[in-house]
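Next comes work28.cif, with mmCIF, C-alpha atoms; chains and numbers go by the auth columns.
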```cif
data_input
#
loop_
_atom_site.group_PDB
_atom_site.id
_atom_site.type_symbol
_atom_site.label_atom_id
_atom_site.label_comp_id
_atom_site.label_asym_id
_atom_site.label_seq_id
_atom_site.Cartn_x
_atom_site.Cartn_y
_atom_site.Cartn_z
_atom_site.B_iso_or_equiv
_atom_site.auth_seq_id
_atom_site.auth_asym_id
ATOM 1 C CA MET A 1 120.693 43.662 116.573 0.00 57 A
ATOM 2 C CA ALA A 2 118.729 46.925 117.046 0.00 58 A
ATOM 3 C CA ILE A 3 119.296 49.920 114.801 0.00 59 A
ATOM 4 C CA ASN A 4 119.111 53.326 116.479 0.00 60 A
ATOM 5 C CA LEU A 5 117.472 55.836 114.115 0.00 61 A
ATOM 6 C CA LEU A 6 117.532 58.673 116.584 0.00 62 A
ATOM 7 C CA PRO A 7 120.463 61.094 116.307 0.00 63 A
ATOM 8 C CA ASP A 8 123.296 60.680 118.760 0.00 64 A
ATOM 9 C CA LYS A 9 123.294 63.207 121.604 0.00 65 A
ATOM 10 C CA HIS A 10 126.659 64.429 120.480 0.00 66 A
ATOM 11 C CA SER A 11 125.846 64.636 116.778 0.00 67 A
ATOM 12 C CA ARG A 12 127.823 67.424 115.129 0.00 68 A
ATOM 13 C CA TRP A 13 125.052 67.960 112.561 0.00 69 A
ATOM 14 C CA LEU A 14 122.461 69.155 115.082 0.00 70 A
ATOM 15 C CA PRO A 15 123.963 72.679 115.509 0.00 71 A
ATOM 16 C CA VAL A 16 124.413 72.946 111.733 0.00 72 A
ATOM 17 C CA ALA A 17 120.792 71.912 111.150 0.00 73 A
ATOM 18 C CA ILE A 18 119.594 74.449 113.736 0.00 74 A
ATOM 19 C CA VAL A 19 121.624 77.245 112.118 0.00 75 A
ATOM 20 C CA ILE A 20 120.348 76.367 108.623 0.00 76 A
ATOM 21 C CA LEU A 21 116.732 76.111 109.796 0.00 77 A
ATOM 22 C CA GLY A 22 117.067 79.360 111.763 0.00 78 A
ATOM 23 C CA SER A 23 118.549 81.096 108.728 0.00 79 A
ATOM 24 C CA ILE A 24 115.702 79.922 106.485 0.00 80 A
ATOM 25 C CA VAL A 25 113.043 81.005 108.989 0.00 81 A
ATOM 26 C CA GLY A 26 114.805 84.333 109.611 0.00 82 A
ATOM 27 C CA LEU A 27 115.187 85.037 105.902 0.00 83 A
ATOM 28 C CA GLY A 28 111.543 84.112 105.333 0.00 84 A
ATOM 29 C CA LEU A 29 110.376 86.493 108.077 0.00 85 A
ATOM 30 C CA PHE A 30 112.632 89.259 106.755 0.00 86 A
ATOM 31 C CA LEU A 31 111.285 88.845 103.208 0.00 87 A
ATOM 32 C CA ALA A 32 107.692 88.759 104.503 0.00 88 A
ATOM 33 C CA LYS A 33 108.263 92.033 106.384 0.00 89 A
ATOM 34 C CA GLU A 34 110.042 93.772 103.494 0.00 90 A
ATOM 35 C CA SER A 35 107.481 92.707 100.893 0.00 91 A
ATOM 36 C CA GLU A 36 104.587 93.668 103.182 0.00 92 A
ATOM 37 C CA VAL A 37 102.909 90.275 102.821 0.00 93 A
ATOM 38 C CA VAL A 38 100.195 91.085 105.376 0.00 94 A
ATOM 39 C CA SER A 39 99.017 94.101 103.331 0.00 95 A
ATOM 40 C CA TYR A 40 98.046 91.777 100.466 0.00 96 A
ATOM 41 C CA MET A 41 95.532 90.010 102.676 0.00 97 A
ATOM 42 C CA THR A 42 93.486 93.203 102.982 0.00 98 A
ATOM 43 C CA ASP A 43 91.203 94.954 100.508 0.00 99 A
ATOM 44 C CA ASP A 44 93.287 98.134 100.583 0.00 100 A
ATOM 45 C CA PRO A 45 94.049 99.198 96.982 0.00 101 A
ATOM 46 C CA LYS A 46 97.324 100.761 98.134 0.00 102 A
ATOM 47 C CA ALA A 47 98.666 97.223 98.552 0.00 103 A
ATOM 48 C CA CYS A 48 98.492 96.860 94.767 0.00 104 A
ATOM 49 C CA VAL A 49 101.051 99.638 94.296 0.00 105 A
ATOM 50 C CA ASN A 50 103.603 98.250 96.756 0.00 106 A
ATOM 51 C CA CYS A 51 105.700 97.177 93.781 0.00 107 A
ATOM 52 C CA HIS A 52 105.012 100.386 91.790 0.00 108 A
ATOM 53 C CA VAL A 53 104.202 98.520 88.568 0.00 109 A
ATOM 54 C CA MET A 54 100.476 99.113 89.027 0.00 110 A
ATOM 55 C CA THR A 55 100.792 102.818 89.776 0.00 111 A
ATOM 56 C CA SER A 56 99.174 103.903 86.489 0.00 112 A
ATOM 57 C CA GLU A 57 96.298 101.492 87.018 0.00 113 A
ATOM 58 C CA TYR A 58 95.886 102.624 90.631 0.00 114 A
ATOM 59 C CA ASN A 59 95.763 106.304 89.687 0.00 115 A
ATOM 60 C CA SER A 60 93.358 105.744 86.795 0.00 116 A
ATOM 61 C CA TRP A 61 91.093 103.748 89.129 0.00 117 A
ATOM 62 C CA MET A 62 91.314 106.578 91.694 0.00 118 A
ATOM 63 C CA HIS A 63 89.823 108.941 89.115 0.00 119 A
ATOM 64 C CA SER A 64 87.038 106.581 88.057 0.00 120 A
ATOM 65 C CA SER A 65 83.509 106.148 89.358 0.00 121 A
ATOM 66 C CA HIS A 66 84.352 102.558 90.343 0.00 122 A
ATOM 67 C CA ARG A 67 86.509 103.937 93.168 0.00 123 A
ATOM 68 C CA GLU A 68 83.318 104.644 95.113 0.00 124 A
ATOM 69 C CA VAL A 69 82.018 101.066 94.937 0.00 125 A
ATOM 70 C CA ALA A 70 84.879 98.648 94.226 0.00 126 A
ATOM 71 C CA SER A 71 88.478 98.129 95.250 0.00 127 A
ATOM 72 C CA CYS A 72 91.020 96.237 93.150 0.00 128 A
ATOM 73 C CA ASN A 73 89.818 93.010 94.766 0.00 129 A
ATOM 74 C CA GLY A 74 86.220 93.875 93.968 0.00 130 A
ATOM 75 C CA CYS A 75 86.957 93.358 90.271 0.00 131 A
ATOM 76 C CA HIS A 76 90.074 91.191 90.084 0.00 132 A
ATOM 77 C CA VAL A 77 89.380 88.491 92.715 0.00 133 A
ATOM 78 C CA PRO A 78 86.595 85.857 92.657 0.00 134 A
ATOM 79 C CA HIS A 79 83.836 86.242 95.223 0.00 135 A
ATOM 80 C CA ASP A 80 82.212 82.794 95.142 0.00 136 A
ATOM 81 C CA ASN A 81 83.784 81.631 98.441 0.00 137 A
ATOM 82 C CA ILE A 82 86.506 82.780 100.823 0.00 138 A
ATOM 83 C CA ALA A 83 88.828 79.832 100.125 0.00 139 A
ATOM 84 C CA ASN A 84 88.786 80.514 96.385 0.00 140 A
ATOM 85 C CA THR A 85 89.242 84.242 97.005 0.00 141 A
ATOM 86 C CA TYR A 86 92.437 83.795 99.019 0.00 142 A
ATOM 87 C CA PHE A 87 93.724 80.969 96.812 0.00 143 A
ATOM 88 C CA PHE A 88 93.344 83.188 93.727 0.00 144 A
ATOM 89 C CA LYS A 89 94.933 86.167 95.516 0.00 145 A
ATOM 90 C CA ALA A 90 97.884 84.023 96.611 0.00 146 A
ATOM 91 C CA LYS A 91 98.361 82.455 93.166 0.00 147 A
ATOM 92 C CA ASP A 92 98.106 85.803 91.376 0.00 148 A
ATOM 93 C CA GLY A 93 100.216 87.566 94.006 0.00 149 A
ATOM 94 C CA LEU A 94 103.040 85.033 93.804 0.00 150 A
ATOM 95 C CA TYR A 95 103.048 85.363 90.025 0.00 151 A
ATOM 96 C CA HIS A 96 103.138 89.174 90.218 0.00 152 A
ATOM 97 C CA ALA A 97 105.817 89.132 92.928 0.00 153 A
ATOM 98 C CA SER A 98 108.038 86.791 90.944 0.00 154 A
ATOM 99 C CA VAL A 99 107.653 88.862 87.759 0.00 155 A
ATOM 100 C CA PHE A 100 108.464 92.058 89.649 0.00 156 A
ATOM 101 C CA THR A 101 111.385 90.531 91.561 0.00 157 A
ATOM 102 C CA MET A 102 112.937 89.289 88.328 0.00 158 A
ATOM 103 C CA ARG A 103 112.349 92.741 86.758 0.00 159 A
ATOM 104 C CA ASN A 104 110.407 90.997 84.012 0.00 160 A
ATOM 105 C CA GLU A 105 107.259 93.124 84.025 0.00 161 A
ATOM 106 C CA PRO A 106 105.953 93.904 80.541 0.00 162 A
ATOM 107 C CA GLN A 107 105.478 97.428 79.222 0.00 163 A
ATOM 108 C CA VAL A 108 101.825 96.645 78.542 0.00 164 A
ATOM 109 C CA ILE A 109 100.023 94.579 81.146 0.00 165 A
ATOM 110 C CA PHE A 110 97.345 92.169 79.939 0.00 166 A
ATOM 111 C CA MET A 111 95.191 89.909 82.087 0.00 167 A
ATOM 112 C CA LYS A 112 95.703 86.162 81.885 0.00 168 A
ATOM 113 C CA GLU A 113 92.723 84.042 80.838 0.00 169 A
ATOM 114 C CA ALA A 114 91.845 83.073 84.431 0.00 170 A
ATOM 115 C CA SER A 115 91.850 86.750 85.448 0.00 171 A
ATOM 116 C CA GLN A 116 89.665 87.671 82.478 0.00 172 A
ATOM 117 C CA GLU A 117 87.078 85.111 83.578 0.00 173 A
ATOM 118 C CA VAL A 118 87.105 86.506 87.121 0.00 174 A
ATOM 119 C CA VAL A 119 86.708 90.128 85.979 0.00 175 A
ATOM 120 C CA GLN A 120 83.900 89.171 83.576 0.00 176 A
ATOM 121 C CA GLN A 121 82.033 87.336 86.351 0.00 177 A
ATOM 122 C CA ASN A 122 82.471 90.307 88.685 0.00 178 A
ATOM 123 C CA CYS A 123 81.130 92.715 86.044 0.00 179 A
ATOM 124 C CA ILE A 124 78.053 90.522 85.726 0.00 180 A
ATOM 125 C CA ARG A 125 77.738 90.133 89.516 0.00 181 A
ATOM 126 C CA CYS A 126 77.777 93.882 90.160 0.00 182 A
ATOM 127 C CA HIS A 127 75.749 94.935 87.133 0.00 183 A
ATOM 128 C CA GLN A 128 73.174 92.130 87.287 0.00 184 A
ATOM 129 C CA GLN A 129 70.225 94.531 87.276 0.00 185 A
ATOM 130 C CA GLN A 130 71.402 96.375 84.167 0.00 186 A
ATOM 131 C CA ILE A 131 72.120 93.114 82.364 0.00 187 A
ATOM 132 C CA THR A 132 68.713 91.583 83.063 0.00 188 A
ATOM 133 C CA ASP A 133 66.598 94.742 82.655 0.00 189 A
ATOM 134 C CA THR A 134 64.647 94.321 79.398 0.00 190 A
ATOM 135 C CA LYS A 135 64.202 98.100 79.008 0.00 191 A
ATOM 136 C CA LEU A 136 67.966 98.558 78.775 0.00 192 A
ATOM 137 C CA THR A 137 68.574 95.855 76.159 0.00 193 A
ATOM 138 C CA SER A 138 66.808 97.858 73.443 0.00 194 A
ATOM 139 C CA TRP A 139 69.279 100.764 73.725 0.00 195 A
ATOM 140 C CA VAL A 140 71.992 99.003 71.796 0.00 196 A
ATOM 141 C CA GLU A 141 71.094 96.700 68.947 0.00 197 A
ATOM 142 C CA ALA A 142 72.073 93.083 69.649 0.00 198 A
ATOM 143 C CA HIS A 143 73.388 93.990 73.107 0.00 199 A
ATOM 144 C CA GLN A 144 71.914 90.855 74.667 0.00 200 A
ATOM 145 C CA SER A 145 73.554 88.501 72.160 0.00 201 A
ATOM 146 C CA ASN A 146 76.886 90.346 72.253 0.00 202 A
ATOM 147 C CA ARG A 147 77.091 89.872 76.011 0.00 203 A
ATOM 148 C CA THR A 148 77.280 86.106 75.689 0.00 204 A
ATOM 149 C CA ASP A 149 80.289 85.873 73.391 0.00 205 A
ATOM 150 C CA ARG A 150 82.258 89.012 74.279 0.00 206 A
ATOM 151 C CA GLN A 151 83.939 90.433 77.356 0.00 207 A
ATOM 152 C CA CYS A 152 82.364 93.537 78.917 0.00 208 A
ATOM 153 C CA TRP A 153 85.523 95.576 78.268 0.00 209 A
ATOM 154 C CA ASP A 154 85.396 94.822 74.543 0.00 210 A
ATOM 155 C CA CYS A 155 82.839 97.639 74.368 0.00 211 A
ATOM 156 C CA HIS A 156 83.402 99.410 77.692 0.00 212 A
ATOM 157 C CA ARG A 157 87.144 99.998 77.173 0.00 213 A
ATOM 158 C CA GLU A 158 87.464 103.071 79.363 0.00 214 A
ATOM 159 C CA VAL A 159 86.007 101.405 82.470 0.00 215 A
ATOM 160 C CA PRO A 160 87.500 101.772 85.076 0.00 216 A
ATOM 161 C CA HIS A 161 91.111 102.378 84.045 0.00 217 A
ATOM 162 C CA GLY A 162 90.531 104.896 81.273 0.00 218 A
ATOM 163 C CA SER A 163 92.997 104.687 78.427 0.00 219 A
ATOM 164 C CA VAL A 164 95.833 103.286 80.541 0.00 220 A
ATOM 165 C CA HIS A 165 97.534 100.471 78.639 0.00 221 A
ATOM 166 C CA GLY A 166 101.170 100.551 79.719 0.00 222 A
ATOM 167 C CA LEU A 167 103.725 101.686 82.255 0.00 223 A
ATOM 168 C CA SER A 168 104.520 104.877 80.349 0.00 224 A
ATOM 169 C CA SER A 169 101.052 105.782 79.071 0.00 225 A
ATOM 170 C CA THR A 170 100.161 108.002 82.022 0.00 226 A
ATOM 171 C CA LYS A 171 102.347 111.048 82.500 0.00 227 A
ATOM 172 C CA TYR A 172 103.533 112.037 85.952 0.00 228 A
ATOM 173 C CA THR A 173 102.013 109.013 87.630 0.00 229 A
ATOM 174 C CA ILE A 174 102.942 109.032 91.299 0.00 230 A
ATOM 175 C CA ALA A 175 102.236 106.257 93.773 0.00 231 A
ATOM 176 C CA PRO A 176 100.483 107.200 97.034 0.00 232 A
ATOM 177 C CA ILE A 177 102.871 108.638 99.599 0.00 233 A
ATOM 178 C CA PRO A 178 103.448 106.052 102.338 0.00 234 A
ATOM 179 C CA THR A 179 101.861 106.917 105.667 0.00 235 A
ATOM 180 C CA ASP A 180 104.163 104.588 107.604 0.00 236 A
ATOM 181 C CA PRO A 181 106.861 106.732 109.316 0.00 237 A
ATOM 182 C CA GLU A 182 109.456 104.007 108.669 0.00 238 A
ATOM 183 C CA LYS A 183 108.878 104.321 104.938 0.00 239 A
ATOM 184 C CA ASP A 184 108.649 108.096 104.794 0.00 240 A
ATOM 185 C CA VAL A 185 110.240 109.151 101.508 0.00 241 A
ATOM 186 C CA ILE A 186 110.309 112.879 102.258 0.00 242 A
ATOM 187 C CA PRO A 187 113.529 113.923 104.018 0.00 243 A
ATOM 188 C CA GLU A 188 113.235 115.982 107.197 0.00 244 A
ATOM 189 C CA TRP A 189 115.056 118.997 105.691 0.00 245 A
ATOM 190 C CA LEU A 190 112.486 119.133 102.870 0.00 246 A
ATOM 191 C CA LYS A 191 109.593 118.953 105.338 0.00 247 A
ATOM 192 C CA GLU A 192 111.082 121.933 107.171 0.00 248 A
ATOM 193 C CA GLU A 193 111.445 123.881 103.908 0.00 249 A
ATOM 194 C CA ILE A 194 107.849 123.116 102.957 0.00 250 A
ATOM 195 C CA LYS A 195 106.611 124.403 106.334 0.00 251 A
ATOM 196 C CA LYS A 196 108.497 127.696 105.784 0.00 252 A
#
```

Once you've parsed the file, please lay out its structure as structure tokens.
Amino acid sequence: MAINLLPDKHSRWLPVAIVILGSIVGLGLFLAKESEVVSYMTDDPKACVNCHVMTSEYNSWMHSSHREVASCNGCHVPHDNIANTYFFKAKDGLYHASVFTMRNEPQVIFMKEASQEVVQQNCIRCHQQQITDTKLTSWVEAHQSNRTDRQCWDCHREVPHGSVHGLSSTKYTIAPIPTDPEKDVIPEWLKEEIKK
């Protein structure tokens, strides 16, 4: 006696399965479009303020000297290989997206231990010449030994985000105005009034 594992041609579950699968795929594509998933694969710092939680950090970075040489990814993403870079971005991004979606973002944002390690390694990577230059080590007593057991920002607190420590610590912080016409936040009547 042979057992037929293939579904019957007239199975009533096939249309239901197609509708459910289509709904899942459609919802996934809709969420990907609305959350601007593709923008997070770039190095554009404006992607970091899509959720508006990082607006203070974005604006403080915009007014720092690091803006000229490093984007958000330059400091907050590992650069040892491309697979690790995108894995870390995806892991961190999913965590941030879930926290933001659940409206569970803290008033004061602190880096997790894995992020601290990445930022420390990127500080060292970019400032390798200053760290290894023997003329510079004599400027601050015990600077060489302090570098091994402390994070760079323990001493360099204002780099690159200034004194920003929470969502409400920067007054009048405004996210960049979207350049996408679909997301234009300025109503047409106001544009006309501004032109006058």

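The residues that lie within 7 Å of the point (83.8, 83.0, 89.7), counting all atoms listed in the file, are A:Pro134, A:His135, A:Asp136, A:Val174, A:Gln177.
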
Coordinates of box centre and edge lengths for region 79-98 of chain A, 5 Å on every side, axis-aligned, as AutoDock Vina command-line options:
```
--center_x 106.0 --center_y 87.0 --center_z 105.0 --size_x 35.1 --size_y 24.2 --size_z 19.1
```

Item to check | Pick from A:His119, A:His132, A:Lys89, A:Lys102, whichever lies nearest to Asn178 (chain A) using all atoms listed in the file | outcome: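 Among the listed residues, the smallest separation from Asn178 (chain A) belongs to A:His132.
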
Checklist entry - Which value, in Å to one decimal, gives the distance between CA of Asp99 (chain A) and CA of Arg213 (chain A)? => result 24.2 Å

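Every protein, DNA or RNA residue with an atom at most 7 Å from Pro216 (chain A), where only C-alpha atoms count and chain neighbours fewer than 2 positions away do not, is listed here: Trp117, Ser120, His122, Glu214 and Gly218 of chain A.
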
Checklist entry - From the list A:Cys211, A:Ala146, A:Ala153, A:Ile138, which residue is nearest Leu87 (chain A) when using only C-alpha atoms? => result A:Ala153

Next on the checklist: I'd like to see the residues matched by the PyMOL selection byres ((chain A and resi 209) around 12) on this file, and ideally I'd get them as a PyMOL selection string.
Outcome noted: chain A and resi 167+172-173+175-176+179-180+202-203+206-208+210-219

Export of the given selection (C-alpha atoms) as an mmCIF file, in the frame of the given file:
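What landed in again.cif:
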```cif
data_model
loop_
_atom_site.group_PDB
_atom_site.id
_atom_site.type_symbol
_atom_site.label_atom_id
_atom_site.label_comp_id
_atom_site.auth_asym_id
_atom_site.auth_seq_id
_atom_site.Cartn_x
_atom_site.Cartn_y
_atom_site.Cartn_z
ATOM 1 C CA MET A 167 95.191 89.909 82.087
ATOM 2 C CA GLN A 172 89.665 87.671 82.478
ATOM 3 C CA GLU A 173 87.078 85.111 83.578
ATOM 4 C CA VAL A 175 86.708 90.128 85.979
ATOM 5 C CA GLN A 176 83.900 89.171 83.576
ATOM 6 C CA CYS A 179 81.130 92.715 86.044
ATOM 7 C CA ILE A 180 78.053 90.522 85.726
ATOM 8 C CA ASN A 202 76.886 90.346 72.253
ATOM 9 C CA ARG A 203 77.091 89.872 76.011
ATOM 10 C CA ARG A 206 82.258 89.012 74.279
ATOM 11 C CA GLN A 207 83.939 90.433 77.356
ATOM 12 C CA CYS A 208 82.364 93.537 78.917
ATOM 13 C CA ASP A 210 85.396 94.822 74.543
ATOM 14 C CA CYS A 211 82.839 97.639 74.368
ATOM 15 C CA HIS A 212 83.402 99.410 77.692
ATOM 16 C CA ARG A 213 87.144 99.998 77.173
ATOM 17 C CA GLU A 214 87.464 103.071 79.363
ATOM 18 C CA VAL A 215 86.007 101.405 82.470
ATOM 19 C CA PRO A 216 87.500 101.772 85.076
ATOM 20 C CA HIS A 217 91.111 102.378 84.045
ATOM 21 C CA GLY A 218 90.531 104.896 81.273
ATOM 22 C CA SER A 219 92.997 104.687 78.427
#
```

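Taking CA of Val164 (chain A) and CA of Glu113 (chain A) as the two end points, the separation is 11.2 Å.
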
Name the residues captured by the PyMOL selection byres ((chain A and resi 91) around 12) when it is applied to the shown file; answer as a PDB file with C-alpha atoms, keeping the file's coordinate frame.
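Wrote expr-v2.pdb, looks like this:
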```pdb
ATOM      1  CA  LEU A  83     115.187  85.037 105.902  1.00  0.00           C
ATOM      2  CA  GLY A  84     111.543  84.112 105.333  1.00  0.00           C
ATOM      3  CA  LEU A  85     110.376  86.493 108.077  1.00  0.00           C
ATOM      4  CA  PHE A  86     112.632  89.259 106.755  1.00  0.00           C
ATOM      5  CA  LEU A  87     111.285  88.845 103.208  1.00  0.00           C
ATOM      6  CA  ALA A  88     107.692  88.759 104.503  1.00  0.00           C
ATOM      7  CA  LYS A  89     108.263  92.033 106.384  1.00  0.00           C
ATOM      8  CA  GLU A  90     110.042  93.772 103.494  1.00  0.00           C
ATOM      9  CA  GLU A  92     104.587  93.668 103.182  1.00  0.00           C
ATOM     10  CA  VAL A  93     102.909  90.275 102.821  1.00  0.00           C
ATOM     11  CA  VAL A  94     100.195  91.085 105.376  1.00  0.00           C
ATOM     12  CA  SER A  95      99.017  94.101 103.331  1.00  0.00           C
ATOM     13  CA  TYR A  96      98.046  91.777 100.466  1.00  0.00           C
ATOM     14  CA  ALA A 103      98.666  97.223  98.552  1.00  0.00           C
ATOM     15  CA  CYS A 104      98.492  96.860  94.767  1.00  0.00           C
ATOM     16  CA  VAL A 105     101.051  99.638  94.296  1.00  0.00           C
ATOM     17  CA  ASN A 106     103.603  98.250  96.756  1.00  0.00           C
ATOM     18  CA  CYS A 107     105.700  97.177  93.781  1.00  0.00           C
ATOM     19  CA  GLY A 149     100.216  87.566  94.006  1.00  0.00           C
ATOM     20  CA  LEU A 150     103.040  85.033  93.804  1.00  0.00           C
ATOM     21  CA  ALA A 153     105.817  89.132  92.928  1.00  0.00           C
ATOM     22  CA  SER A 154     108.038  86.791  90.944  1.00  0.00           C
ATOM     23  CA  PHE A 156     108.464  92.058  89.649  1.00  0.00           C
ATOM     24  CA  THR A 157     111.385  90.531  91.561  1.00  0.00           C
TER      25      THR A 157
END
```

Checklist entry - Which is closest to Cys182 (chain A) among A:Ala126, A:Thr141, A:Asp148, A:Asp205, if we use only C-alpha atoms? => result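 Residue with the minimum atom-to-atom distance to Cys182 (chain A): A:Ala126.
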
Checklist entry - Could you state the separation of CA of Gly82 (chain A) and CA of Pro101 (chain A) in Å, given to one decimal place? => result 28.5 Å
